Amino acid sequence: MSEEDDLFHTTIPAALEALDQSDSFEAVARLLAAGDPRRVIQCFHLVVRELFSQRKLTQMVWLGRSGVDYALRESLAASDTELRAHLQTSARKLAYNLSANLWPGWADEAVQPTSSDLESALDLAKLHYRLVLEEGLESESLGNARWLIGAQRLAVGQEQAAHFAFETAKAAYKKAGQPANEWMAEGFQALSLQMMGSTGTEGLHRFEAAIGELKKLGDEGEFFADQLQAANRVFLAKS
């Protein structure tokens, strides 16, 4: 049995039972009992994945944010440089996954985040961006971080700020030589224009142009085109 399987059949059920029958603090204590920091942070990743699969979003946020906080605190205390880097990376990835899981723009009808969940998602996206900068990651990662902030700003009704975030994402993707990602960011920027009620049909025309360019770029482009069209249905239905 792999270590992940072992944790999934021991520590994770104990944490979920505590969450259901006691409280989130007890559930966190069960996860911390895994001992070694690498095992503990793996447990947080696993419990977040499981809670998302059950679409228990608010509980996912409770435990997930505790996991991010744990990884950041332990990384500061770690004298081992390899462990410190592992924990920093884990915090960044967990923040991204939590935020992305909460985004309503995927058009998953089972994902119905509360307003508080959405504020948490934006905060986690901003943390993810800061950690990308601190790790000095390449342009594609920077583009993903800026896209996530834009996506979450759309979700909380901050269309102007989202427009700027997508512009910076687009520039990062261009620098990274990622044309499909660049057109995807352009499509989201066009969507933000439509949500702002921009004069004329600029937003619509730019959105349709982005979809057309993406469909020329093979499977990756088709994937992003589908993602854009799903987000378009979700957000324009609300505007």
# chains A, B, ... in the order shown; residues from 1 in each chain; ligands from 1
call {"tool": "residues_around", "arguments": {"residues": "segment 72-78 of chain A", "least_positions_apart": "6", "cutoff": "8 Å", "atoms": "only C-alpha atoms", "output": "PyMOL selection string"}}
result
chain A and resi 37+84-85+87-88+91
call {"tool": "select_by_dssp", "arguments": {"residues": "segment 78-119 of chain A", "states": "alpha helix (DSSP H)", "output": "list in words"}}
result
Thr81, Glu82, Leu83, Arg84, Ala85, His86, Leu87, Gln88, Thr89, Ser90, Ala91, Arg92, Lys93, Leu94, Ala95, Tyr96, Asn97, Leu98, Ser99, Ala100, Asn101, Ser115, Ser116, Asp117, Leu118 and Glu119 of chain A
call {"tool": "write_last_selection", "arguments": {"atoms": "N, CA and C atoms", "output": "PDB file, in the first residue's frame"}}
result
ATOM      1  N   THR A  81      16.637  23.106   4.085  1.00  0.00           N
ATOM      2  CA  THR A  81      16.223  23.908   2.923  1.00  0.00           C
ATOM      3  C   THR A  81      15.302  23.136   1.980  1.00  0.00           C
ATOM      4  N   GLU A  82      15.530  21.830   1.864  1.00  0.00           N
ATOM      5  CA  GLU A  82      14.673  21.022   1.000  1.00  0.00           C
ATOM      6  C   GLU A  82      13.250  20.949   1.558  1.00  0.00           C
ATOM      7  N   LEU A  83      13.139  20.749   2.883  1.00  0.00           N
ATOM      8  CA  LEU A  83      11.826  20.717   3.512  1.00  0.00           C
ATOM      9  C   LEU A  83      11.146  22.077   3.397  1.00  0.00           C
ATOM     10  N   ARG A  84      11.908  23.147   3.603  1.00  0.00           N
ATOM     11  CA  ARG A  84      11.337  24.489   3.499  1.00  0.00           C
ATOM     12  C   ARG A  84      10.747  24.721   2.110  1.00  0.00           C
ATOM     13  N   ALA A  85      11.498  24.340   1.070  1.00  0.00           N
ATOM     14  CA  ALA A  85      11.012  24.521  -0.300  1.00  0.00           C
ATOM     15  C   ALA A  85       9.785  23.659  -0.562  1.00  0.00           C
ATOM     16  N   HIS A  86       9.795  22.427  -0.035  1.00  0.00           N
ATOM     17  CA  HIS A  86       8.651  21.526  -0.219  1.00  0.00           C
ATOM     18  C   HIS A  86       7.387  22.120   0.393  1.00  0.00           C
ATOM     19  N   LEU A  87       7.512  22.675   1.584  1.00  0.00           N
ATOM     20  CA  LEU A  87       6.356  23.239   2.273  1.00  0.00           C
ATOM     21  C   LEU A  87       5.868  24.511   1.588  1.00  0.00           C
ATOM     22  N   GLN A  88       6.788  25.342   1.111  1.00  0.00           N
ATOM     23  CA  GLN A  88       6.394  26.555   0.389  1.00  0.00           C
ATOM     24  C   GLN A  88       5.628  26.201  -0.886  1.00  0.00           C
ATOM     25  N   THR A  89       6.149  25.217  -1.614  1.00  0.00           N
ATOM     26  CA  THR A  89       5.476  24.776  -2.837  1.00  0.00           C
ATOM     27  C   THR A  89       4.111  24.177  -2.513  1.00  0.00           C
ATOM     28  N   SER A  90       4.043  23.405  -1.433  1.00  0.00           N
ATOM     29  CA  SER A  90       2.775  22.802  -1.028  1.00  0.00           C
ATOM     30  C   SER A  90       1.745  23.861  -0.674  1.00  0.00           C
ATOM     31  N   ALA A  91       2.175  24.906   0.032  1.00  0.00           N
ATOM     32  CA  ALA A  91       1.263  25.999   0.374  1.00  0.00           C
ATOM     33  C   ALA A  91       0.733  26.670  -0.885  1.00  0.00           C
ATOM     34  N   ARG A  92       1.623  26.908  -1.837  1.00  0.00           N
ATOM     35  CA  ARG A  92       1.218  27.561  -3.095  1.00  0.00           C
ATOM     36  C   ARG A  92       0.214  26.701  -3.853  1.00  0.00           C
ATOM     37  N   LYS A  93       0.508  25.415  -3.991  1.00  0.00           N
ATOM     38  CA  LYS A  93      -0.384  24.530  -4.746  1.00  0.00           C
ATOM     39  C   LYS A  93      -1.729  24.357  -4.049  1.00  0.00           C
ATOM     40  N   LEU A  94      -1.702  24.252  -2.729  1.00  0.00           N
ATOM     41  CA  LEU A  94      -2.950  24.091  -1.992  1.00  0.00           C
ATOM     42  C   LEU A  94      -3.804  25.345  -2.115  1.00  0.00           C
ATOM     43  N   ALA A  95      -3.177  26.515  -2.042  1.00  0.00           N
ATOM     44  CA  ALA A  95      -3.924  27.769  -2.206  1.00  0.00           C
ATOM     45  C   ALA A  95      -4.565  27.836  -3.590  1.00  0.00           C
ATOM     46  N   TYR A  96      -3.819  27.430  -4.610  1.00  0.00           N
ATOM     47  CA  TYR A  96      -4.374  27.457  -5.973  1.00  0.00           C
ATOM     48  C   TYR A  96      -5.556  26.495  -6.096  1.00  0.00           C
ATOM     49  N   ASN A  97      -5.371  25.263  -5.619  1.00  0.00           N
ATOM     50  CA  ASN A  97      -6.429  24.263  -5.755  1.00  0.00           C
ATOM     51  C   ASN A  97      -7.698  24.676  -5.020  1.00  0.00           C
ATOM     52  N   LEU A  98      -7.539  25.197  -3.810  1.00  0.00           N
ATOM     53  CA  LEU A  98      -8.696  25.652  -3.045  1.00  0.00           C
ATOM     54  C   LEU A  98      -9.441  26.750  -3.788  1.00  0.00           C
ATOM     55  N   SER A  99      -8.691  27.729  -4.263  1.00  0.00           N
ATOM     56  CA  SER A  99      -9.321  28.845  -4.965  1.00  0.00           C
ATOM     57  C   SER A  99     -10.020  28.376  -6.232  1.00  0.00           C
ATOM     58  N   ALA A 100      -9.329  27.574  -7.025  1.00  0.00           N
ATOM     59  CA  ALA A 100      -9.914  27.091  -8.284  1.00  0.00           C
ATOM     60  C   ALA A 100     -11.144  26.229  -8.037  1.00  0.00           C
ATOM     61  N   ASN A 101     -11.125  25.417  -6.976  1.00  0.00           N
ATOM     62  CA  ASN A 101     -12.274  24.572  -6.657  1.00  0.00           C
ATOM     63  C   ASN A 101     -13.529  25.386  -6.375  1.00  0.00           C
ATOM     64  N   SER A 115     -21.122  33.595  -0.559  1.00  0.00           N
ATOM     65  CA  SER A 115     -20.371  34.839  -0.734  1.00  0.00           C
ATOM     66  C   SER A 115     -19.090  34.811   0.095  1.00  0.00           C
ATOM     67  N   SER A 116     -19.157  34.201   1.272  1.00  0.00           N
ATOM     68  CA  SER A 116     -17.957  34.069   2.105  1.00  0.00           C
ATOM     69  C   SER A 116     -16.927  33.160   1.442  1.00  0.00           C
ATOM     70  N   ASP A 117     -17.391  32.066   0.838  1.00  0.00           N
ATOM     71  CA  ASP A 117     -16.484  31.171   0.109  1.00  0.00           C
ATOM     72  C   ASP A 117     -15.775  31.922  -1.019  1.00  0.00           C
ATOM     73  N   LEU A 118     -16.526  32.770  -1.723  1.00  0.00           N
ATOM     74  CA  LEU A 118     -15.947  33.504  -2.846  1.00  0.00           C
ATOM     75  C   LEU A 118     -14.897  34.510  -2.376  1.00  0.00           C
ATOM     76  N   GLU A 119     -15.146  35.147  -1.242  1.00  0.00           N
ATOM     77  CA  GLU A 119     -14.136  36.060  -0.697  1.00  0.00           C
ATOM     78  C   GLU A 119     -12.885  35.285  -0.306  1.00  0.00           C
TER      79      GLU A 119
END
call {"tool": "atom_distance", "arguments": {"atom1": "atom CA of His205 of chain A", "atom2": "atom CA of Asn144 of chain A"}}
result
24.2 Å
call {"tool": "closest_residue", "arguments": {"among": "A:Asp36, A:Glu167, A:Glu26, A:Glu135", "to": "Leu193 of chain A", "atoms": "only C-alpha atoms"}}
result
A:Glu167
call {"tool": "residues_around", "arguments": {"residues": "Val40 of chain A", "least_positions_apart": "3", "cutoff": "12 Å", "atoms": "only C-alpha atoms", "output": "MDAnalysis selection string"}}
result
chainID A and resid 3:4 7:8 11:12 15 28:37 43:47 66:68 70:71 74 87 90:91
call {"tool": "write_last_selection", "arguments": {"atoms": "C-alpha atoms", "output": "PDB file, in the first residue's frame"}}
result
ATOM      1  CA  GLU A   3       1.769   6.152   1.671  1.00  0.00           C
ATOM      2  CA  GLU A   4      -1.113   8.076   0.069  1.00  0.00           C
ATOM      3  CA  LEU A   7      -3.230   8.071   4.802  1.00  0.00           C
ATOM      4  CA  PHE A   8      -6.453   7.969   2.804  1.00  0.00           C
ATOM      5  CA  THR A  11      -5.907   9.723   8.881  1.00  0.00           C
ATOM      6  CA  ILE A  12      -8.402  11.135   6.369  1.00  0.00           C
ATOM      7  CA  ALA A  15     -10.439  13.793  10.239  1.00  0.00           C
ATOM      8  CA  VAL A  28      -7.321  19.673  11.974  1.00  0.00           C
ATOM      9  CA  ALA A  29      -5.851  18.091  15.084  1.00  0.00           C
ATOM     10  CA  ARG A  30      -6.386  14.642  13.552  1.00  0.00           C
ATOM     11  CA  LEU A  31      -4.513  15.752  10.428  1.00  0.00           C
ATOM     12  CA  LEU A  32      -1.663  17.245  12.434  1.00  0.00           C
ATOM     13  CA  ALA A  33      -1.324  13.930  14.249  1.00  0.00           C
ATOM     14  CA  ALA A  34       0.173  12.459  11.064  1.00  0.00           C
ATOM     15  CA  GLY A  35       3.449  13.758  12.516  1.00  0.00           C
ATOM     16  CA  ASP A  36       6.069  14.397   9.851  1.00  0.00           C
ATOM     17  CA  PRO A  37       5.443  17.741   8.058  1.00  0.00           C
ATOM     18  CA  CYS A  43      -3.064  14.869   4.488  1.00  0.00           C
ATOM     19  CA  PHE A  44      -4.342  18.403   3.981  1.00  0.00           C
ATOM     20  CA  HIS A  45      -4.150  17.980   0.209  1.00  0.00           C
ATOM     21  CA  LEU A  46      -6.011  14.659   0.438  1.00  0.00           C
ATOM     22  CA  VAL A  47      -8.769  15.946   2.724  1.00  0.00           C
ATOM     23  CA  SER A  66      -5.551  25.550   8.016  1.00  0.00           C
ATOM     24  CA  GLY A  67      -3.339  23.469   5.750  1.00  0.00           C
ATOM     25  CA  VAL A  68      -1.986  26.519   3.946  1.00  0.00           C
ATOM     26  CA  TYR A  70       0.450  25.111   8.579  1.00  0.00           C
ATOM     27  CA  ALA A  71       2.685  24.831   5.531  1.00  0.00           C
ATOM     28  CA  GLU A  74       6.410  25.220   9.175  1.00  0.00           C
ATOM     29  CA  LEU A  87       6.356  23.239   2.273  1.00  0.00           C
ATOM     30  CA  SER A  90       2.775  22.802  -1.028  1.00  0.00           C
ATOM     31  CA  ALA A  91       1.263  25.999   0.374  1.00  0.00           C
TER      32      ALA A  91
END
call {"tool": "closest_atom_pairs", "arguments": {"of": "segment 175-203 of chain A", "to": "segment 232-235 of chain A", "cutoff": "9 Å", "atoms": "only C-alpha atoms", "output": "tab-separated table"}}
result
residue	atom	partner	partner_atom	distance
A:Phe188	CA	A:Asn232	CA	8.7
A:Leu191	CA	A:Asn232	CA	6.7
A:Met195	CA	A:Phe235	CA	7.6
call {"tool": "write_last_selection", "arguments": {"atoms": "C-alpha atoms", "output": "PDB file, in the first residue's frame"}}
result
ATOM      1  CA  PHE A 188     -11.716  36.366 -20.376  1.00  0.00           C
ATOM      2  CA  LEU A 191     -15.910  38.625 -21.065  1.00  0.00           C
ATOM      3  CA  MET A 195     -19.979  42.204 -17.890  1.00  0.00           C
TER       4      MET A 195
END
call {"tool": "atom_distance", "arguments": {"atom1": "atom CA of Thr10 of chain A", "atom2": "atom CA of Lys56 of chain A"}}
result
20.1 Å
call {"tool": "closest_residue", "arguments": {"among": "A:Ala155, A:Ala110, A:Ala190, A:Asp123", "to": "Ala209 of chain A", "atoms": "only C-alpha atoms"}}
result
A:Ala190
call {"tool": "closest_residue", "arguments": {"among": "A:Ala151, A:Leu228, A:Ala162, A:Val156", "to": "Met184 of chain A", "atoms": "only C-alpha atoms"}}
result
A:Leu228
call {"tool": "atom_distance", "arguments": {"atom1": "atom CA of Leu148 of chain A", "atom2": "atom CA of Gly105 of chain A"}}
result
11.1 Å
call {"tool": "decode", "arguments": {"residues": "segment 28-156 of chain A", "atoms": "C-alpha atoms", "output": "PDB file, in the first residue's frame"}}
result
ATOM      1  CA  VAL A  28      -7.321  19.673  11.974  1.00  0.00           C
ATOM      2  CA  ALA A  29      -5.851  18.091  15.084  1.00  0.00           C
ATOM      3  CA  ARG A  30      -6.386  14.642  13.552  1.00  0.00           C
ATOM      4  CA  LEU A  31      -4.513  15.752  10.428  1.00  0.00           C
ATOM      5  CA  LEU A  32      -1.663  17.245  12.434  1.00  0.00           C
ATOM      6  CA  ALA A  33      -1.324  13.930  14.249  1.00  0.00           C
ATOM      7  CA  ALA A  34       0.173  12.459  11.064  1.00  0.00           C
ATOM      8  CA  GLY A  35       3.449  13.758  12.516  1.00  0.00           C
ATOM      9  CA  ASP A  36       6.069  14.397   9.851  1.00  0.00           C
ATOM     10  CA  PRO A  37       5.443  17.741   8.058  1.00  0.00           C
ATOM     11  CA  ARG A  38       5.505  16.068   4.638  1.00  0.00           C
ATOM     12  CA  ARG A  39       2.839  13.592   5.746  1.00  0.00           C
ATOM     13  CA  VAL A  40       0.784  16.320   7.400  1.00  0.00           C
ATOM     14  CA  ILE A  41       0.664  18.556   4.345  1.00  0.00           C
ATOM     15  CA  GLN A  42      -0.123  15.549   2.168  1.00  0.00           C
ATOM     16  CA  CYS A  43      -3.064  14.869   4.488  1.00  0.00           C
ATOM     17  CA  PHE A  44      -4.342  18.403   3.981  1.00  0.00           C
ATOM     18  CA  HIS A  45      -4.150  17.980   0.209  1.00  0.00           C
ATOM     19  CA  LEU A  46      -6.011  14.659   0.438  1.00  0.00           C
ATOM     20  CA  VAL A  47      -8.769  15.946   2.724  1.00  0.00           C
ATOM     21  CA  VAL A  48      -9.313  18.975   0.487  1.00  0.00           C
ATOM     22  CA  ARG A  49      -9.616  16.667  -2.515  1.00  0.00           C
ATOM     23  CA  GLU A  50     -12.096  14.457  -0.662  1.00  0.00           C
ATOM     24  CA  LEU A  51     -14.236  17.335   0.602  1.00  0.00           C
ATOM     25  CA  PHE A  52     -14.355  18.825  -2.864  1.00  0.00           C
ATOM     26  CA  SER A  53     -15.422  15.484  -4.314  1.00  0.00           C
ATOM     27  CA  GLN A  54     -18.302  15.595  -1.822  1.00  0.00           C
ATOM     28  CA  ARG A  55     -18.899  19.272  -2.761  1.00  0.00           C
ATOM     29  CA  LYS A  56     -18.593  20.304   0.906  1.00  0.00           C
ATOM     30  CA  LEU A  57     -17.101  23.630  -0.049  1.00  0.00           C
ATOM     31  CA  THR A  58     -17.229  25.570   3.194  1.00  0.00           C
ATOM     32  CA  GLN A  59     -15.709  22.684   5.166  1.00  0.00           C
ATOM     33  CA  MET A  60     -13.077  22.375   2.449  1.00  0.00           C
ATOM     34  CA  VAL A  61     -12.187  26.031   3.001  1.00  0.00           C
ATOM     35  CA  TRP A  62     -11.949  25.574   6.781  1.00  0.00           C
ATOM     36  CA  LEU A  63      -9.507  22.683   6.572  1.00  0.00           C
ATOM     37  CA  GLY A  64      -7.714  23.875   3.464  1.00  0.00           C
ATOM     38  CA  ARG A  65      -6.852  27.286   4.892  1.00  0.00           C
ATOM     39  CA  SER A  66      -5.551  25.550   8.016  1.00  0.00           C
ATOM     40  CA  GLY A  67      -3.339  23.469   5.750  1.00  0.00           C
ATOM     41  CA  VAL A  68      -1.986  26.519   3.946  1.00  0.00           C
ATOM     42  CA  ASP A  69      -1.310  28.227   7.274  1.00  0.00           C
ATOM     43  CA  TYR A  70       0.450  25.111   8.579  1.00  0.00           C
ATOM     44  CA  ALA A  71       2.685  24.831   5.531  1.00  0.00           C
ATOM     45  CA  LEU A  72       3.660  28.508   5.642  1.00  0.00           C
ATOM     46  CA  ARG A  73       4.436  28.459   9.378  1.00  0.00           C
ATOM     47  CA  GLU A  74       6.410  25.220   9.175  1.00  0.00           C
ATOM     48  CA  SER A  75       8.382  26.468   6.179  1.00  0.00           C
ATOM     49  CA  LEU A  76       9.517  29.503   8.177  1.00  0.00           C
ATOM     50  CA  ALA A  77      10.594  27.272  11.056  1.00  0.00           C
ATOM     51  CA  ALA A  78      12.330  24.620   8.931  1.00  0.00           C
ATOM     52  CA  SER A  79      16.122  24.550   9.030  1.00  0.00           C
ATOM     53  CA  ASP A  80      16.254  21.976   6.217  1.00  0.00           C
ATOM     54  CA  THR A  81      16.223  23.908   2.923  1.00  0.00           C
ATOM     55  CA  GLU A  82      14.673  21.022   1.000  1.00  0.00           C
ATOM     56  CA  LEU A  83      11.826  20.717   3.512  1.00  0.00           C
ATOM     57  CA  ARG A  84      11.337  24.489   3.499  1.00  0.00           C
ATOM     58  CA  ALA A  85      11.012  24.521  -0.300  1.00  0.00           C
ATOM     59  CA  HIS A  86       8.651  21.526  -0.219  1.00  0.00           C
ATOM     60  CA  LEU A  87       6.356  23.239   2.273  1.00  0.00           C
ATOM     61  CA  GLN A  88       6.394  26.555   0.389  1.00  0.00           C
ATOM     62  CA  THR A  89       5.476  24.776  -2.837  1.00  0.00           C
ATOM     63  CA  SER A  90       2.775  22.802  -1.028  1.00  0.00           C
ATOM     64  CA  ALA A  91       1.263  25.999   0.374  1.00  0.00           C
ATOM     65  CA  ARG A  92       1.218  27.561  -3.095  1.00  0.00           C
ATOM     66  CA  LYS A  93      -0.384  24.530  -4.746  1.00  0.00           C
ATOM     67  CA  LEU A  94      -2.950  24.091  -1.992  1.00  0.00           C
ATOM     68  CA  ALA A  95      -3.924  27.769  -2.206  1.00  0.00           C
ATOM     69  CA  TYR A  96      -4.374  27.457  -5.973  1.00  0.00           C
ATOM     70  CA  ASN A  97      -6.429  24.263  -5.755  1.00  0.00           C
ATOM     71  CA  LEU A  98      -8.696  25.652  -3.045  1.00  0.00           C
ATOM     72  CA  SER A  99      -9.321  28.845  -4.965  1.00  0.00           C
ATOM     73  CA  ALA A 100      -9.914  27.091  -8.284  1.00  0.00           C
ATOM     74  CA  ASN A 101     -12.274  24.572  -6.657  1.00  0.00           C
ATOM     75  CA  LEU A 102     -14.475  27.445  -5.496  1.00  0.00           C
ATOM     76  CA  TRP A 103     -14.759  29.203  -8.844  1.00  0.00           C
ATOM     77  CA  PRO A 104     -18.313  29.107 -10.190  1.00  0.00           C
ATOM     78  CA  GLY A 105     -17.171  29.748 -13.760  1.00  0.00           C
ATOM     79  CA  TRP A 106     -16.503  26.052 -14.407  1.00  0.00           C
ATOM     80  CA  ALA A 107     -20.308  25.712 -14.741  1.00  0.00           C
ATOM     81  CA  ASP A 108     -20.403  22.782 -12.323  1.00  0.00           C
ATOM     82  CA  GLU A 109     -23.942  22.941 -10.965  1.00  0.00           C
ATOM     83  CA  ALA A 110     -22.856  21.158  -7.795  1.00  0.00           C
ATOM     84  CA  VAL A 111     -20.394  23.973  -7.005  1.00  0.00           C
ATOM     85  CA  GLN A 112     -22.475  26.666  -5.302  1.00  0.00           C
ATOM     86  CA  PRO A 113     -20.047  28.710  -3.173  1.00  0.00           C
ATOM     87  CA  THR A 114     -21.400  31.186  -0.639  1.00  0.00           C
ATOM     88  CA  SER A 115     -20.371  34.839  -0.734  1.00  0.00           C
ATOM     89  CA  SER A 116     -17.957  34.069   2.105  1.00  0.00           C
ATOM     90  CA  ASP A 117     -16.484  31.171   0.109  1.00  0.00           C
ATOM     91  CA  LEU A 118     -15.947  33.504  -2.846  1.00  0.00           C
ATOM     92  CA  GLU A 119     -14.136  36.060  -0.697  1.00  0.00           C
ATOM     93  CA  SER A 120     -11.923  33.236   0.586  1.00  0.00           C
ATOM     94  CA  ALA A 121     -11.282  32.143  -2.987  1.00  0.00           C
ATOM     95  CA  LEU A 122     -10.093  35.619  -3.965  1.00  0.00           C
ATOM     96  CA  ASP A 123      -7.884  35.851  -0.881  1.00  0.00           C
ATOM     97  CA  LEU A 124      -6.346  32.456  -1.699  1.00  0.00           C
ATOM     98  CA  ALA A 125      -5.756  33.538  -5.301  1.00  0.00           C
ATOM     99  CA  LYS A 126      -3.899  36.620  -4.074  1.00  0.00           C
ATOM    100  CA  LEU A 127      -1.823  34.475  -1.717  1.00  0.00           C
ATOM    101  CA  HIS A 128      -1.010  32.102  -4.569  1.00  0.00           C
ATOM    102  CA  TYR A 129       0.185  35.045  -6.671  1.00  0.00           C
ATOM    103  CA  ARG A 130       2.421  36.299  -3.840  1.00  0.00           C
ATOM    104  CA  LEU A 131       3.965  32.849  -3.416  1.00  0.00           C
ATOM    105  CA  VAL A 132       4.594  32.573  -7.174  1.00  0.00           C
ATOM    106  CA  LEU A 133       6.498  35.862  -6.968  1.00  0.00           C
ATOM    107  CA  GLU A 134       8.423  34.783  -3.881  1.00  0.00           C
ATOM    108  CA  GLU A 135       9.479  31.532  -5.557  1.00  0.00           C
ATOM    109  CA  GLY A 136      10.533  33.422  -8.691  1.00  0.00           C
ATOM    110  CA  LEU A 137       8.581  31.118 -10.988  1.00  0.00           C
ATOM    111  CA  GLU A 138       8.500  31.450 -14.761  1.00  0.00           C
ATOM    112  CA  SER A 139       6.078  33.469 -16.867  1.00  0.00           C
ATOM    113  CA  GLU A 140       3.524  30.675 -17.405  1.00  0.00           C
ATOM    114  CA  SER A 141       3.069  30.255 -13.645  1.00  0.00           C
ATOM    115  CA  LEU A 142       2.793  34.023 -13.297  1.00  0.00           C
ATOM    116  CA  GLY A 143       0.147  34.044 -16.026  1.00  0.00           C
ATOM    117  CA  ASN A 144      -1.826  31.314 -14.248  1.00  0.00           C
ATOM    118  CA  ALA A 145      -1.650  33.271 -10.991  1.00  0.00           C
ATOM    119  CA  ARG A 146      -2.890  36.477 -12.605  1.00  0.00           C
ATOM    120  CA  TRP A 147      -5.624  34.580 -14.467  1.00  0.00           C
ATOM    121  CA  LEU A 148      -6.865  33.066 -11.206  1.00  0.00           C
ATOM    122  CA  ILE A 149      -7.076  36.497  -9.582  1.00  0.00           C
ATOM    123  CA  GLY A 150      -9.014  37.773 -12.594  1.00  0.00           C
ATOM    124  CA  ALA A 151     -11.354  34.790 -12.497  1.00  0.00           C
ATOM    125  CA  GLN A 152     -12.094  35.293  -8.806  1.00  0.00           C
ATOM    126  CA  ARG A 153     -12.588  39.029  -9.228  1.00  0.00           C
ATOM    127  CA  LEU A 154     -15.215  38.260 -11.865  1.00  0.00           C
ATOM    128  CA  ALA A 155     -16.929  35.988  -9.350  1.00  0.00           C
ATOM    129  CA  VAL A 156     -17.217  38.767  -6.746  1.00  0.00           C
TER     130      VAL A 156
END
